[in-house]
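Source file: entry.cif (mmCIF, C-alpha atoms)
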data_entry
loop_
_atom_site.label_atom_id
_atom_site.label_comp_id
_atom_site.auth_asym_id
_atom_site.auth_seq_id
_atom_site.Cartn_x
_atom_site.Cartn_y
_atom_site.Cartn_z
CA MET A 551 -49.57 -94.96 31.30
CA GLU A 552 -48.50 -94.45 27.75
CA ASP A 553 -50.52 -91.24 27.53
CA ARG A 554 -48.69 -89.89 30.57
CA ARG A 555 -45.33 -90.69 29.02
CA ASP A 556 -46.39 -88.96 25.78
CA LEU A 557 -47.42 -85.95 27.75
CA GLU A 558 -44.10 -85.81 29.57
CA ARG A 559 -42.16 -86.13 26.30
CA ARG A 560 -44.26 -83.33 24.80
CA LYS A 561 -43.52 -81.09 27.78
CA ARG A 562 -39.78 -81.80 27.51
CA PHE A 563 -39.89 -81.05 23.75
CA ILE A 564 -41.71 -77.80 24.34
CA GLU A 565 -39.22 -76.76 27.05
CA LYS A 566 -36.30 -77.62 24.75
CA ARG A 567 -37.77 -75.52 21.93
CA LYS A 568 -38.22 -72.61 24.33
CA ARG A 569 -34.62 -72.86 25.48
CA GLN A 570 -33.43 -72.95 21.84
CA ARG A 571 -35.47 -69.88 20.96
CA ARG A 572 -34.16 -68.01 23.98
CA LEU A 573 -30.58 -68.95 23.09
CA LYS A 574 -31.10 -67.85 19.49
CA LEU A 575 -32.61 -64.56 20.67
CA TYR A 576 -29.72 -63.98 23.06
CA PHE A 577 -27.26 -64.80 20.30
CA ASN A 578 -28.88 -62.36 17.84
CA MET A 579 -28.95 -59.64 20.47
CA LEU A 580 -25.27 -60.20 21.12
CA LEU A 581 -24.54 -59.88 17.41
CA VAL A 582 -26.45 -56.61 17.23
CA LEU A 583 -24.54 -55.21 20.20
CA CYS A 584 -21.22 -56.24 18.66
CA ALA A 585 -22.14 -54.59 15.38
CA ILE A 586 -23.11 -51.36 17.14
CA LEU A 587 -19.90 -51.39 19.14
CA ILE A 588 -17.83 -51.82 15.97
CA VAL A 589 -19.61 -48.91 14.30
CA VAL A 590 -19.11 -46.62 17.31
CA LEU A 591 -15.44 -47.51 17.68
CA ALA A 592 -14.83 -47.08 13.96
CA ALA A 593 -16.45 -43.62 13.92
CA THR A 594 -14.42 -42.55 16.93
CA ILE A 595 -10.90 -43.66 16.16
CA MET A 596 -10.66 -43.96 12.40
CA THR A 597 -10.46 -41.34 9.69
CA LYS A 598 -13.60 -40.39 7.84
CA ASP A 599 -12.90 -42.67 4.90
CA LYS A 600 -11.70 -45.59 7.03
CA GLY A 601 -14.61 -45.16 9.40
CA LEU A 602 -16.99 -45.37 6.48
CA GLU A 603 -15.39 -48.59 5.27
CA TYR A 604 -15.60 -50.27 8.71
CA SER A 605 -19.18 -49.11 9.21
CA ILE A 606 -20.22 -50.60 5.88
CA ALA A 607 -18.34 -53.81 6.65
CA SER A 608 -20.10 -54.22 9.99
CA LEU A 609 -23.52 -53.59 8.50
CA SER A 610 -22.88 -56.21 5.81
CA PHE A 611 -22.82 -58.82 8.62
CA PHE A 612 -26.62 -58.67 8.63
CA ASP A 613 -27.41 -58.31 4.93
CA ASN A 614 -24.64 -58.47 2.39
CA GLY A 615 -26.83 -57.69 -0.58
CA GLU A 616 -28.44 -54.59 0.86
CA ASN A 617 -25.24 -53.17 2.30
CA ASN A 618 -23.23 -53.81 -0.82
CA THR A 619 -25.59 -51.33 -2.43
CA VAL A 620 -24.99 -48.87 0.39
CA GLU A 621 -21.24 -49.36 0.08
CA ASN A 622 -21.34 -48.71 -3.65
CA LYS A 623 -23.37 -45.54 -3.12
CA GLU A 624 -21.00 -44.23 -0.44
CA SER A 625 -17.98 -45.09 -2.58
CA ASN A 626 -19.45 -43.15 -5.48
CA ASN A 627 -20.09 -40.19 -3.19
CA ILE A 628 -16.48 -40.24 -2.01
CA ASP A 629 -15.22 -40.28 -5.59
CA GLU A 630 -17.52 -37.42 -6.50
CA GLU A 631 -16.39 -35.43 -3.45
CA SER A 632 -12.72 -35.99 -4.32
CA GLU A 633 -13.34 -34.82 -7.86
CA THR A 634 -15.14 -31.71 -6.56
CA VAL A 635 -12.31 -30.83 -4.17
CA GLU A 636 -9.75 -31.36 -6.92
CA GLU A 637 -11.76 -29.19 -9.33
CA THR A 638 -12.12 -26.46 -6.67
CA THR A 639 -8.38 -26.46 -5.97
CA VAL A 640 -7.60 -26.16 -9.66
CA ALA A 641 -10.16 -23.35 -10.00
CA GLU A 642 -8.65 -21.47 -7.07
CA THR A 643 -5.18 -21.84 -8.55
CA GLU A 644 -6.38 -20.67 -11.93
CA SER A 645 -8.15 -17.65 -10.36
CA ILE A 646 -4.82 -16.26 -9.05
CA ASP A 647 -3.37 -13.97 -11.70
CA ASN A 648 0.30 -14.91 -11.98
CA THR A 649 0.92 -12.31 -14.66
CA VAL A 650 3.81 -10.02 -13.77
CA HIS A 651 2.56 -6.41 -13.49
CA THR A 652 5.01 -3.52 -13.12
CA VAL A 653 4.72 0.20 -12.47
CA SER A 654 7.73 2.47 -12.90
CA PHE A 655 7.58 5.24 -10.32
CA VAL A 656 9.54 8.45 -9.83
CA ALA A 657 9.14 11.23 -7.27
CA THR A 658 10.92 14.47 -6.62
CA GLY A 659 11.04 16.94 -3.75
CA ASP A 660 9.98 20.47 -2.91
CA ASN A 661 8.69 22.66 -5.72
CA LEU A 662 9.47 25.80 -3.75
CA ILE A 663 8.16 28.73 -5.79
CA SER A 664 9.70 31.87 -4.29
CA ASP A 665 9.02 35.31 -5.75
CA SER A 666 12.32 35.01 -7.68
CA VAL A 667 11.18 31.75 -9.26
CA THR A 668 7.78 33.26 -10.05
CA HIS A 669 9.49 36.19 -11.78
CA CYS A 670 11.38 33.75 -14.01
CA GLY A 671 8.07 32.60 -15.47
CA LEU A 672 6.77 36.10 -16.24
CA GLN A 673 6.33 36.68 -19.98
CA SER A 674 6.43 40.00 -21.86
CA ASP A 675 2.65 40.00 -22.23
CA GLY A 676 2.10 39.64 -18.49
CA SER A 677 1.25 35.93 -18.60
CA TYR A 678 3.24 33.17 -16.91
CA ASP A 679 4.98 30.14 -18.37
CA PHE A 680 7.15 27.87 -16.22
CA THR A 681 8.14 25.33 -18.84
CA LEU A 682 11.85 26.05 -18.30
CA LEU A 683 11.62 24.82 -14.71
CA TYR A 684 10.89 21.27 -15.85
CA ASP A 685 11.95 20.82 -19.47
CA ASN A 686 15.45 19.45 -18.73
CA LEU A 687 14.02 16.53 -16.74
CA SER A 688 10.52 16.13 -18.17
CA LYS A 689 11.61 13.04 -20.12
CA ILE A 690 12.17 11.24 -16.82
CA PHE A 691 8.73 12.21 -15.54
CA LYS A 692 6.92 11.39 -18.77
CA LYS A 693 8.68 8.05 -19.24
CA ALA A 694 7.64 6.80 -15.80
CA ASP A 695 4.23 5.20 -15.37
CA LEU A 696 3.68 7.47 -12.37
CA ALA A 697 5.52 10.65 -11.39
CA ALA A 698 5.03 12.64 -8.17
CA ILE A 699 6.16 16.05 -6.91
CA ASN A 700 5.68 17.98 -3.69
CA GLN A 701 4.03 21.34 -4.40
CA GLU A 702 5.50 23.19 -1.45
CA THR A 703 3.62 26.45 -2.05
CA ILE A 704 -0.13 26.90 -2.32
CA LEU A 705 -1.62 27.52 -5.77
CA GLY A 706 -3.83 30.35 -4.59
CA GLY A 707 -3.95 31.95 -8.02
CA PRO A 708 -4.55 35.57 -9.03
CA ASP A 709 -6.95 36.37 -6.18
CA PHE A 710 -3.80 37.22 -4.18
CA PRO A 711 -0.47 38.84 -5.04
CA TYR A 712 2.20 36.31 -6.05
CA THR A 713 4.50 36.27 -3.07
CA GLY A 714 7.46 34.39 -1.62
CA PHE A 715 8.75 33.85 1.90
CA PRO A 716 7.27 33.78 4.48
CA ASN A 717 3.69 33.50 3.11
CA PHE A 718 3.79 32.06 -0.38
CA ASN A 719 1.25 32.26 -3.15
CA SER A 720 1.86 30.72 -6.58
CA PRO A 721 0.18 31.07 -9.99
CA TYR A 722 -2.07 28.38 -11.42
CA GLU A 723 0.39 28.26 -14.32
CA ILE A 724 2.75 26.33 -12.03
CA GLY A 725 0.12 23.59 -12.04
CA ASP A 726 -0.21 23.82 -15.81
CA SER A 727 3.53 23.31 -16.20
CA LEU A 728 3.52 20.34 -13.81
CA ILE A 729 0.86 18.69 -15.95
CA ASP A 730 2.80 19.40 -19.15
CA ALA A 731 5.98 18.03 -17.56
CA GLY A 732 4.34 14.66 -16.96
CA PHE A 733 3.45 14.64 -13.26
CA ASP A 734 0.55 12.40 -12.22
CA ILE A 735 0.61 13.00 -8.45
CA VAL A 736 0.92 16.31 -6.60
CA THR A 737 1.25 16.43 -2.80
CA SER A 738 -0.13 19.62 -1.23
CA ALA A 739 -0.12 19.08 2.55
CA THR A 740 2.82 21.29 3.56
CA ASN A 741 3.62 23.86 6.21
CA HIS A 742 2.67 26.51 3.61
CA SER A 743 -0.80 25.13 2.83
CA TYR A 744 -2.51 27.82 4.92
CA ASP A 745 -0.35 30.78 3.79
CA MET A 746 -3.31 32.27 1.88
CA ARG A 747 -5.75 31.05 4.53
CA MET A 748 -8.86 29.13 3.63
CA GLU A 749 -9.51 30.94 0.37
CA GLY A 750 -6.10 29.90 -0.89
CA ILE A 751 -6.76 26.26 0.00
CA ASN A 752 -10.16 26.36 -1.71
CA ASN A 753 -8.68 27.96 -4.81
CA CYS A 754 -6.01 25.26 -4.97
CA ILE A 755 -8.56 22.48 -4.56
CA ASN A 756 -10.77 23.98 -7.26
CA TYR A 757 -7.84 24.30 -9.65
CA TRP A 758 -6.97 20.61 -9.35
CA LYS A 759 -10.63 19.59 -9.67
CA LYS A 760 -10.45 20.96 -13.21
CA HIS A 761 -7.53 18.60 -13.92
CA PRO A 762 -8.64 15.08 -12.96
CA GLU A 763 -5.72 13.65 -14.91
CA VAL A 764 -3.60 14.59 -11.88
CA THR A 765 -4.23 13.19 -8.40
CA MET A 766 -3.77 15.96 -5.83
CA ILE A 767 -3.55 14.74 -2.24
CA GLY A 768 -3.19 16.40 1.17
CA LEU A 769 -6.02 18.96 0.88
CA ASN A 770 -9.68 18.04 1.28
CA GLU A 771 -12.81 19.75 0.07
CA THR A 772 -15.12 17.93 2.51
CA LYS A 773 -15.07 15.75 5.62
CA GLU A 774 -15.85 12.79 3.37
CA LYS A 775 -12.75 13.52 1.30
CA TYR A 776 -10.74 13.68 4.52
CA ASP A 777 -11.72 10.07 5.21
CA ASP A 778 -11.23 8.87 1.63
CA ILE A 779 -8.09 7.14 0.42
CA ALA A 780 -6.81 8.17 -3.01
CA VAL A 781 -6.08 5.08 -5.13
CA ILE A 782 -4.57 4.99 -8.60
CA GLU A 783 -4.82 1.78 -10.61
CA LYS A 784 -1.98 1.50 -13.11
CA ASN A 785 -0.91 -1.52 -15.15
CA GLY A 786 -2.98 -3.85 -12.98
CA ILE A 787 -1.64 -2.54 -9.65
CA LYS A 788 -3.74 -0.52 -7.20
CA ILE A 789 -1.61 2.09 -5.43
CA ALA A 790 -2.89 4.03 -2.40
CA LEU A 791 -1.54 7.56 -1.83
CA LEU A 792 -1.41 9.39 1.53
CA ASN A 793 0.02 12.82 2.38
CA TYR A 794 0.37 14.64 5.74
CA THR A 795 2.21 17.69 7.10
CA TYR A 796 3.69 18.26 10.54
CA GLY A 797 2.02 21.69 10.85
CA LEU A 798 1.06 25.04 9.28
CA ASN A 799 3.79 27.41 10.48
CA GLY A 800 1.99 28.14 13.72
CA TYR A 801 -1.44 28.67 12.19
CA SER A 802 -4.50 26.62 13.08
CA LEU A 803 -7.35 25.67 10.79
CA PRO A 804 -10.84 27.02 11.65
CA GLU A 805 -12.76 24.71 13.97
CA ASP A 806 -15.48 24.13 11.39
CA GLU A 807 -12.96 23.36 8.61
CA TRP A 808 -10.41 21.29 10.50
CA TYR A 809 -10.48 18.64 7.75
CA LYS A 810 -9.08 20.85 4.98
CA VAL A 811 -5.40 19.86 5.46
CA ASN A 812 -4.07 16.44 6.45
CA LEU A 813 -1.93 16.95 9.55
CA ILE A 814 0.40 14.33 10.97
CA ASP A 815 -1.64 12.51 13.58
CA GLU A 816 -0.58 8.96 14.35
CA ASP A 817 -4.11 7.73 15.02
CA LYS A 818 -5.30 9.17 11.71
CA ILE A 819 -2.32 7.80 9.77
CA LYS A 820 -2.74 4.33 11.29
CA ILE A 821 -6.41 4.23 10.31
CA ASP A 822 -5.64 5.45 6.79
CA VAL A 823 -2.73 3.09 6.17
CA GLU A 824 -4.64 0.06 7.44
CA LYS A 825 -7.62 1.01 5.27
CA ALA A 826 -5.31 1.52 2.30
CA GLU A 827 -3.91 -1.97 2.78
CA GLU A 828 -7.44 -3.38 2.49
CA ILE A 829 -8.34 -1.61 -0.75
CA ALA A 830 -4.99 -1.40 -2.59
CA ASP A 831 -2.00 -3.57 -3.47
CA PHE A 832 0.65 -1.02 -2.52
CA THR A 833 0.67 1.98 -0.17
CA ILE A 834 2.79 5.13 -0.52
CA VAL A 835 2.93 7.70 2.28
CA PHE A 836 4.26 11.22 1.63
CA PRO A 837 5.04 12.84 5.03
CA HIS A 838 6.06 16.52 5.19
CA TRP A 839 8.35 16.27 8.20
CA GLY A 840 11.84 16.61 9.63
CA VAL A 841 14.21 19.46 10.48
CA GLU A 842 14.87 22.08 7.82
CA TYR A 843 18.40 22.12 6.37
CA SER A 844 19.47 19.02 8.33
CA THR A 845 20.78 16.11 6.29
CA ALA A 846 20.37 13.90 9.37
CA THR A 847 17.03 12.30 10.18
CA SER A 848 15.32 13.15 13.45
CA ALA A 849 14.17 10.68 16.08
CA GLU A 850 10.57 11.65 15.29
CA GLN A 851 11.03 10.82 11.61
CA ARG A 852 12.60 7.44 12.34
CA SER A 853 9.93 6.56 14.89
CA LEU A 854 7.03 7.48 12.61
CA ALA A 855 8.61 5.74 9.62
CA LYS A 856 8.85 2.50 11.59
CA LYS A 857 5.25 2.80 12.79
CA MET A 858 3.95 3.50 9.29
CA THR A 859 5.83 0.43 8.04
CA GLU A 860 4.35 -1.66 10.82
CA TRP A 861 0.86 -0.44 9.87
CA GLY A 862 1.41 -1.40 6.23
CA ALA A 863 3.19 1.38 4.30
CA ASP A 864 5.33 0.00 1.45
CA LEU A 865 7.05 3.21 0.34
CA ILE A 866 7.71 6.47 2.24
CA ILE A 867 8.64 9.65 0.35
CA GLY A 868 9.60 12.47 2.71
CA THR A 869 9.78 16.21 2.04
CA HIS A 870 10.27 19.55 3.88
CA PRO A 871 13.94 19.69 5.02
CA HIS A 872 14.97 21.22 1.60
CA VAL A 873 18.06 19.02 1.62
CA LEU A 874 18.76 15.38 0.94
CA GLN A 875 18.42 12.89 3.78
CA PRO A 876 19.28 9.18 3.94
CA ILE A 877 17.43 6.34 2.24
CA GLU A 878 16.91 3.00 3.94
CA TRP A 879 14.91 -0.20 4.05
CA ILE A 880 12.81 -0.51 7.19
CA GLU A 881 11.71 -3.89 8.56
CA THR A 882 9.38 -4.38 11.51
CA SER A 883 8.75 -7.26 13.91
CA ASN A 884 5.44 -8.13 12.25
CA GLY A 885 7.27 -8.91 8.99
CA ASN A 886 6.45 -5.69 7.13
CA LYS A 887 9.03 -3.90 5.01
CA SER A 888 9.20 -0.45 3.41
CA LEU A 889 11.63 1.69 1.48
CA CYS A 890 12.01 5.14 3.05
CA TYR A 891 13.37 8.25 1.35
CA TYR A 892 13.48 10.58 4.36
CA SER A 893 13.87 13.72 2.23
CA LEU A 894 14.35 14.36 -1.48
CA GLY A 895 15.48 17.94 -0.98
CA ASN A 896 14.37 20.67 -3.37
CA TYR A 897 13.33 20.27 -6.96
CA THR A 898 13.55 24.03 -7.45
CA SER A 899 14.05 27.06 -5.20
CA SER A 900 16.00 30.28 -4.81
CA GLN A 901 17.59 29.26 -1.51
CA ASP A 902 21.17 30.15 -0.75
CA LYS A 903 22.97 27.09 0.64
CA THR A 904 24.92 24.56 -1.39
CA SER A 905 23.06 21.72 0.32
CA THR A 906 19.71 23.20 -0.78
CA MET A 907 20.84 23.28 -4.42
CA VAL A 908 21.20 19.50 -4.63
CA GLY A 909 18.08 17.37 -4.49
CA GLY A 910 16.98 14.07 -5.93
CA ILE A 911 14.50 12.05 -7.96
CA ALA A 912 13.49 8.76 -6.36
CA LYS A 913 13.30 6.03 -8.99
CA LEU A 914 11.98 2.50 -8.57
CA LYS A 915 9.72 -0.23 -9.94
CA ILE A 916 6.71 -1.74 -8.20
CA VAL A 917 6.11 -5.39 -9.15
CA LYS A 918 3.01 -7.51 -8.60
CA GLN A 919 2.71 -11.24 -9.31
CA GLY A 920 -0.19 -13.11 -7.79
CA ASN A 921 -0.48 -11.99 -4.18
CA ASP A 922 3.13 -10.79 -4.00
CA VAL A 923 3.74 -7.04 -4.40
CA HIS A 924 7.19 -5.58 -3.83
CA ILE A 925 9.75 -2.99 -4.90
CA LYS A 926 12.11 -4.44 -7.46
CA LYS A 927 15.80 -4.57 -6.68
CA GLY A 928 17.63 -1.55 -8.11
CA ALA A 929 15.68 1.30 -6.51
CA GLY A 930 17.66 4.47 -5.93
CA ILE A 931 17.95 8.19 -6.52
CA ILE A 932 19.05 10.50 -9.35
CA PRO A 933 20.82 13.59 -7.93
CA ILE A 934 19.68 16.93 -9.39
CA VAL A 935 20.86 20.55 -9.19
CA THR A 936 18.87 23.80 -9.07
CA HIS A 937 20.53 26.45 -11.21
CA TYR A 938 19.48 30.10 -11.17
CA ILE A 939 20.73 33.40 -12.54
CA TRP A 940 19.51 36.69 -11.13
CA GLY A 941 19.45 40.06 -12.85
CA SER A 942 17.63 41.36 -15.89
CA ASN A 943 17.60 37.92 -17.55
CA ARG A 944 16.52 35.82 -14.61
CA THR A 945 16.27 32.12 -15.20
CA THR A 946 15.81 29.03 -13.07
CA ARG A 947 16.33 25.50 -14.34
CA THR A 948 17.05 22.08 -12.90
CA TYR A 949 19.65 19.62 -14.20
CA LYS A 950 20.89 16.13 -13.44
CA LEU A 951 24.05 16.46 -11.38
CA THR A 952 25.88 14.35 -13.96
CA LYS A 953 24.87 16.82 -16.68
CA TYR A 954 25.73 19.96 -14.70
CA THR A 955 28.91 21.58 -15.98
CA GLU A 956 31.65 23.70 -14.50
CA ASP A 957 30.66 26.50 -16.89
CA LEU A 958 27.15 26.54 -15.42
CA ALA A 959 28.49 26.33 -11.87
CA ARG A 960 30.69 29.41 -12.41
CA VAL A 961 27.74 31.66 -13.37
CA HIS A 962 25.31 30.44 -10.69
CA SER A 963 24.02 33.46 -8.77
CA ILE A 964 24.39 31.64 -5.46
CA HIS A 965 28.02 32.79 -5.50
CA SER A 966 26.81 36.21 -4.36
CA VAL A 967 25.80 34.75 -0.99
CA THR A 968 28.11 31.78 -0.45
CA ASP A 969 31.67 30.82 -1.31
CA ASP A 970 31.37 27.05 -1.06
CA PHE A 971 29.15 26.31 -4.06
CA SER A 972 30.80 23.89 -6.48
CA ILE A 973 30.10 20.62 -8.23
CA ALA A 974 32.63 18.94 -5.96
CA ASN A 975 30.86 20.13 -2.82
CA MET A 976 27.46 19.07 -4.15
CA GLN A 977 28.89 15.66 -5.02
CA LYS A 978 30.26 15.46 -1.49
CA VAL A 979 26.75 16.01 -0.07
CA VAL A 980 25.39 13.27 -2.34
CA ASP A 981 28.15 10.82 -1.43
CA GLU A 982 27.80 11.40 2.31
CA VAL A 983 24.00 11.30 2.48
CA VAL A 984 22.77 8.89 -0.24
CA GLY A 985 25.95 7.60 -1.86
CA ASP A 986 25.06 3.91 -2.01
CA TRP A 987 21.70 4.68 -3.63
CA VAL A 988 22.83 6.86 -6.52
CA LEU A 989 21.61 5.66 -9.92
CA ASP A 990 22.98 8.29 -12.27
#
Using structure tokens, write down the structure from this file.
Amino acid sequence: MEDRRDLERRKRFIEKRKRQRRLKLYFNMLLVLCAILIVVLAATIMTKDKGLEYSIASLSFFDNGENNTVENKESNNIDEESETVEETTVAETESIDNTVHTVSFVATGDNLISDSVTHCGLQSDGSYDFTLLYDNLSKIFKKADLAAINQETILGGPDFPYTGFPNFNSPYEIGDSLIDAGFDIVTSATNHSYDMRMEGINNCINYWKKHPEVTMIGLNETKEKYDDIAVIEKNGIKIALLNYTYGLNGYSLPEDEWYKVNLIDEDKIKIDVEKAEEIADFTIVFPHWGVEYSTATSAEQRSLAKKMTEWGADLIIGTHPHVLQPIEWIETSNGNKSLCYYSLGNYTSSQDKTSTMVGGIAKLKIVKQGNDVHIKKGAGIIPIVTHYIWGSNRTTRTYKLTKYTEDLARVHSIHSVTDDFSIANMQKVVDEVVGDWVLD
């Protein structure tokens, strides 16, 4: 009887132990599920750092010693990561050059070498010297970091007669004098580029190849050159230079040498300007455009100027009209901004209108600091006057308008073809067209 009772007690004890083990197992499983749920929720709704803290806290429920080690390791990693990010930020800041770089830039208009102007350079020994064309203003060109001029007529050299209108050919000595006067940039894509046909273009290209100190743009020796962008780096600023002409006075380039002259083509200009923006800090476009002898801009000029600004042009220097045209800032909807000189008129010529006697020198400063590149406040134009005397002692020179005197004005040979030439009338043209931009 007693043995039976012992057996029943043993059975009850065993059943109790089983129930306790099951309860303990269920309890531990519940704890594990709770811990997993906490980790998942923390990773979902908390920030990375907070999530890490909650995850470590939940794991410490099972083994404080082990997970304290994990927490310390993670904390160290976070500190190291913060230090790395901070060091990287400082390095990036230090890598940006905040030095102020500046380039002083001047540009003038059409160097229109007629047969009369050519004759003025003829020396007694049969050679040519055109120093007098530039000596009055060469200080301005030499003082500037970069100086540009539009070489209206082709430098075809002595392989052809030296001629004037309508098909011009100019001596290489014009180029020599431009170099001596301080010009760094010569634009050659004009409506007269093809006056001496392909041989004239090739001669001009070959002349400038011998003078790498000057960047000639607008004419191309090869297809590869046609696709290249001329870039000058000066005082820490990379400046891209582009030059195009509206046409070639009715002529067409040979089909197999279509690339020799840059013609105004919006698709081409867009590609070039966008490429220039990638490889340079500042982009200057020199379009040969507009209506001759009109001081008003055309709709085509204004439209193209806005498009070029939109594509990335920072400065536009126009030539061809042989007279001054307005200057303006252009802003586009994409946030781009450019300064546009629609026409700088003539630098020199033997033309016969008062308006063609007064031209200008664009003058400005390009500033770069860090990633910011802009034209400094104070840009403008210096009015200039072409003065010539015909006869046995022919001479042609160019003066600042402010330095041109009444005595000079009285003996100007333009009086033989027009009655309205005077300093007052030239000043009137300046005031009406570019008055607010005059510097001197």
- Item | Ground truth for the PyMOL selection byres ((chain A and resi 694) around 8), written as a list in words |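 Selected by the PyMOL selection byres ((chain A and resi 694) around 8) in this file: Val653, Ser654, Phe655, Val656, Ile690, Phe691, Lys692, Lys693, Asp695, Leu696 and Ala697 of chain A.
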Residues picked by the PyMOL selection byres ((chain A and resi 843) around 6) here, as an mmCIF file with C-alpha atoms, keeping the file's coordinate frame?
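Result written to selection_14.cif:
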data_model
loop_
_atom_site.group_PDB
_atom_site.id
_atom_site.type_symbol
_atom_site.label_atom_id
_atom_site.label_comp_id
_atom_site.auth_asym_id
_atom_site.auth_seq_id
_atom_site.Cartn_x
_atom_site.Cartn_y
_atom_site.Cartn_z
ATOM 1 C CA GLU A 842 14.870 22.080 7.820
ATOM 2 C CA SER A 844 19.470 19.020 8.330
ATOM 3 C CA PRO A 871 13.940 19.690 5.020
ATOM 4 C CA HIS A 872 14.970 21.220 1.600
ATOM 5 C CA VAL A 873 18.060 19.020 1.620
#
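We find CA of Gly862 in chain A and CA of Leu769 in chain A to be spaced 22.3 Å apart.
For Val984 in chain A, the set of protein, DNA and RNA residues having any atom at most 10 Å away, when counting only C-alpha atoms and skipping those fewer than 6 positions along the same chain, is A:Thr845, A:Leu874, A:Gln875, A:Pro876, A:Ile877, A:Glu878, A:Tyr891, A:Gly910, A:Gly930, A:Ile931, A:Ile932, A:Pro933.
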- Message: Between CA of Asn686 in chain A and CA of Thr948 in chain A, what is the distance in Å, rounded to a tenth?
- Response: 6.6 Å
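In this model, the gap between CA of Thr968 in chain A and CA of Leu894 in chain A comes to 22.2 Å.
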- Please write the residues picked by the PyMOL selection byres ((chain A and resi 761) around 12) on this file as a PyMOL selection string. chain A and resi 722+725-726+728-730+733-736+754-760+762-766
